[in-house]
Amino acid sequence: MLEALFGTKNRELTMQYLLVFKEGYAREIAKYFDVNLPSIQNQLKHFEDNGLALSKMSGRTKVYFLNPRYAFLVELTALLDRARLYYKPELKEKFEMQRKRPRRPEKPL
């Protein structure tokens, strides 16, 4: 949808992932969208180098999240939220599903 603005589809998907799920790491994002890992790693590095994303270490894993002090975060969030309304139903469903792991069987609803 916003590929013309962002340059690549993976850049847009990575940004949407960080916006919807608040944080993520490269392998997790690549598996979620079934894309190759180096592409996602490049996008995350690009975001971090340009101040759009920050990272923290969680054990040996580098976890990325959007920079709350990014100058255009409010506008970018509004644009990405609006773009999600026009995604194909199967992609839209991926972003609406917030749970990443299955619920424990004994856990009450």
# chains A, B, ... in the order shown; residues from 1 in each chain; ligands from 1
$ closest_atom_pairs --of "range 21-71 of chain A" --to "range 4-14 of chain A" --cutoff "12 Å" --atoms "only C-alpha atoms" --output "JSON lines"
{"residue": "A:Phe21", "atom": "CA", "partner": "A:Thr14", "partner_atom": "CA", "distance": 10.5}
{"residue": "A:Lys22", "atom": "CA", "partner": "A:Thr14", "partner_atom": "CA", "distance": 11.2}
{"residue": "A:Glu23", "atom": "CA", "partner": "A:Thr14", "partner_atom": "CA", "distance": 10.3}
{"residue": "A:Gly24", "atom": "CA", "partner": "A:Thr14", "partner_atom": "CA", "distance": 9.2}
{"residue": "A:Tyr25", "atom": "CA", "partner": "A:Thr14", "partner_atom": "CA", "distance": 10.0}
{"residue": "A:Ala26", "atom": "CA", "partner": "A:Thr14", "partner_atom": "CA", "distance": 9.0}
{"residue": "A:Arg27", "atom": "CA", "partner": "A:Thr14", "partner_atom": "CA", "distance": 11.4}
{"residue": "A:Glu28", "atom": "CA", "partner": "A:Thr14", "partner_atom": "CA", "distance": 10.6}
{"residue": "A:Ile29", "atom": "CA", "partner": "A:Thr14", "partner_atom": "CA", "distance": 7.0}
{"residue": "A:Ala30", "atom": "CA", "partner": "A:Thr14", "partner_atom": "CA", "distance": 8.6}
{"residue": "A:Lys31", "atom": "CA", "partner": "A:Thr14", "partner_atom": "CA", "distance": 11.5}
{"residue": "A:Tyr32", "atom": "CA", "partner": "A:Leu13", "partner_atom": "CA", "distance": 10.0}
{"residue": "A:Phe33", "atom": "CA", "partner": "A:Leu13", "partner_atom": "CA", "distance": 7.9}
{"residue": "A:Asp34", "atom": "CA", "partner": "A:Asn10", "partner_atom": "CA", "distance": 10.5}
{"residue": "A:Val35", "atom": "CA", "partner": "A:Asn10", "partner_atom": "CA", "distance": 8.0}
{"residue": "A:Asn36", "atom": "CA", "partner": "A:Asn10", "partner_atom": "CA", "distance": 9.5}
{"residue": "A:Leu37", "atom": "CA", "partner": "A:Asn10", "partner_atom": "CA", "distance": 10.4}
{"residue": "A:Pro38", "atom": "CA", "partner": "A:Asn10", "partner_atom": "CA", "distance": 10.7}
{"residue": "A:Ser39", "atom": "CA", "partner": "A:Asn10", "partner_atom": "CA", "distance": 7.2}
{"residue": "A:Ile40", "atom": "CA", "partner": "A:Asn10", "partner_atom": "CA", "distance": 6.7}
{"residue": "A:Gln41", "atom": "CA", "partner": "A:Thr14", "partner_atom": "CA", "distance": 9.7}
{"residue": "A:Asn42", "atom": "CA", "partner": "A:Arg11", "partner_atom": "CA", "distance": 9.0}
{"residue": "A:Gln43", "atom": "CA", "partner": "A:Arg11", "partner_atom": "CA", "distance": 5.7}
{"residue": "A:Leu44", "atom": "CA", "partner": "A:Thr14", "partner_atom": "CA", "distance": 7.6}
{"residue": "A:Lys45", "atom": "CA", "partner": "A:Arg11", "partner_atom": "CA", "distance": 10.8}
{"residue": "A:His46", "atom": "CA", "partner": "A:Arg11", "partner_atom": "CA", "distance": 9.2}
{"residue": "A:Phe47", "atom": "CA", "partner": "A:Arg11", "partner_atom": "CA", "distance": 9.0}
{"residue": "A:Leu52", "atom": "CA", "partner": "A:Thr14", "partner_atom": "CA", "distance": 11.8}
{"residue": "A:Ala53", "atom": "CA", "partner": "A:Thr14", "partner_atom": "CA", "distance": 10.9}
{"residue": "A:Tyr64", "atom": "CA", "partner": "A:Thr14", "partner_atom": "CA", "distance": 10.3}
{"residue": "A:Phe65", "atom": "CA", "partner": "A:Thr14", "partner_atom": "CA", "distance": 10.5}
{"residue": "A:Leu66", "atom": "CA", "partner": "A:Thr14", "partner_atom": "CA", "distance": 10.7}
$ write_last_selection --atoms "C-alpha atoms" --output "compact mmCIF listing (two decimals), in the first residue's frame"
# COMPACT_ATOMS: atom_id res chain seq x y z
CA PHE A 21 2.95 -5.18 18.60
CA LYS A 22 5.03 -2.39 20.25
CA GLU A 23 8.32 -4.33 19.89
CA GLY A 24 9.89 -7.22 18.06
CA TYR A 25 13.11 -8.81 16.92
CA ALA A 26 14.24 -9.59 13.39
CA ARG A 27 13.67 -13.36 13.32
CA GLU A 28 10.22 -13.01 14.90
CA ILE A 29 9.14 -10.41 12.33
CA ALA A 30 10.57 -12.40 9.41
CA LYS A 31 8.71 -15.55 10.51
CA TYR A 32 5.49 -13.63 11.11
CA PHE A 33 5.38 -12.36 7.53
CA ASP A 34 7.23 -15.33 5.98
CA VAL A 35 9.97 -13.15 4.44
CA ASN A 36 13.73 -13.56 4.44
CA LEU A 37 15.60 -12.58 7.60
CA PRO A 38 18.38 -10.37 6.09
CA SER A 39 15.77 -8.07 4.57
CA ILE A 40 14.08 -7.49 7.94
CA GLN A 41 17.46 -7.03 9.65
CA ASN A 42 18.37 -4.37 7.08
CA GLN A 43 15.07 -2.55 7.63
CA LEU A 44 15.49 -2.56 11.42
CA LYS A 45 19.07 -1.31 11.13
CA HIS A 46 17.87 1.43 8.75
CA PHE A 47 15.17 2.49 11.23
CA LEU A 52 12.85 5.95 13.93
CA ALA A 53 13.49 2.91 16.13
CA TYR A 64 13.47 -3.13 18.47
CA PHE A 65 10.70 -0.65 19.24
CA LEU A 66 9.58 2.68 17.79
$ select_by_dssp --residues "chain A" --states "strand (DSSP E or B)" --output "PyMOL selection string"
chain A and resi 24+53-58+61-66
$ atom_distance --atom1 "CA of Arg69 in chain A" --atom2 "CA of Asp49 in chain A"
14.3 Å
$ select_by_dssp --residues "chain A" --states "helix (DSSP H, G or I)" --output "count of residues only"
58
$ atom_distance --atom1 "CA of Tyr86 in chain A" --atom2 "CA of Leu73 in chain A"
20.5 Å
$ atom_distance --atom1 "CA of Thr77 in chain A" --atom2 "CA of Val63 in chain A"
19.7 Å
$ residues_around --residues "Ala83 in chain A" --least-positions-apart "3" --cutoff "8 Å" --atoms "only C-alpha atoms" --output "count of residues only"
6
$ closest_residue --among "A:Arg84, A:Gln16, A:Pro108, A:Asn67" --to "Leu54 in chain A" --atoms "only C-alpha atoms"
A:Asn67
$ residues_around --residues "Phe95 in chain A" --least-positions-apart "2" --cutoff "9 Å" --atoms "only C-alpha atoms" --output "PyMOL selection string"
chain A and resi 16-17+20-21+84+91-93+97-98
$ write_last_selection --atoms "N, CA and C atoms" --output "tab-separated table (two decimals), in the first residue's frame"
chain	number	residue	atom	x	y	z
A	16	GLN	N	4.81	-1.53	10.42
A	16	GLN	CA	3.47	-1.88	10.92
A	16	GLN	C	3.58	-2.84	12.10
A	17	TYR	N	4.48	-3.81	12.01
A	17	TYR	CA	4.66	-4.77	13.09
A	17	TYR	C	5.07	-4.07	14.38
A	20	VAL	N	2.03	-2.08	15.76
A	20	VAL	CA	0.94	-2.89	16.31
A	20	VAL	C	1.37	-3.67	17.55
A	21	PHE	N	2.52	-4.31	17.50
A	21	PHE	CA	2.95	-5.18	18.60
A	21	PHE	C	3.90	-4.49	19.57
A	84	ARG	N	-3.65	0.50	7.14
A	84	ARG	CA	-4.13	-0.84	7.54
A	84	ARG	C	-5.59	-1.05	7.17
A	91	LEU	N	-4.06	-9.98	5.29
A	91	LEU	CA	-3.02	-9.18	5.94
A	91	LEU	C	-3.60	-8.36	7.08
A	92	LYS	N	-4.79	-7.86	6.89
A	92	LYS	CA	-5.47	-7.09	7.93
A	92	LYS	C	-5.69	-7.97	9.17
A	93	GLU	N	-6.03	-9.23	8.93
A	93	GLU	CA	-6.26	-10.18	10.02
A	93	GLU	C	-5.00	-10.41	10.84
A	97	MET	N	-4.91	-9.67	14.98
A	97	MET	CA	-4.65	-10.75	15.92
A	97	MET	C	-3.48	-10.34	16.81
A	98	GLN	N	-3.76	-10.00	18.05
A	98	GLN	CA	-2.73	-9.51	18.95
A	98	GLN	C	-1.94	-10.62	19.64
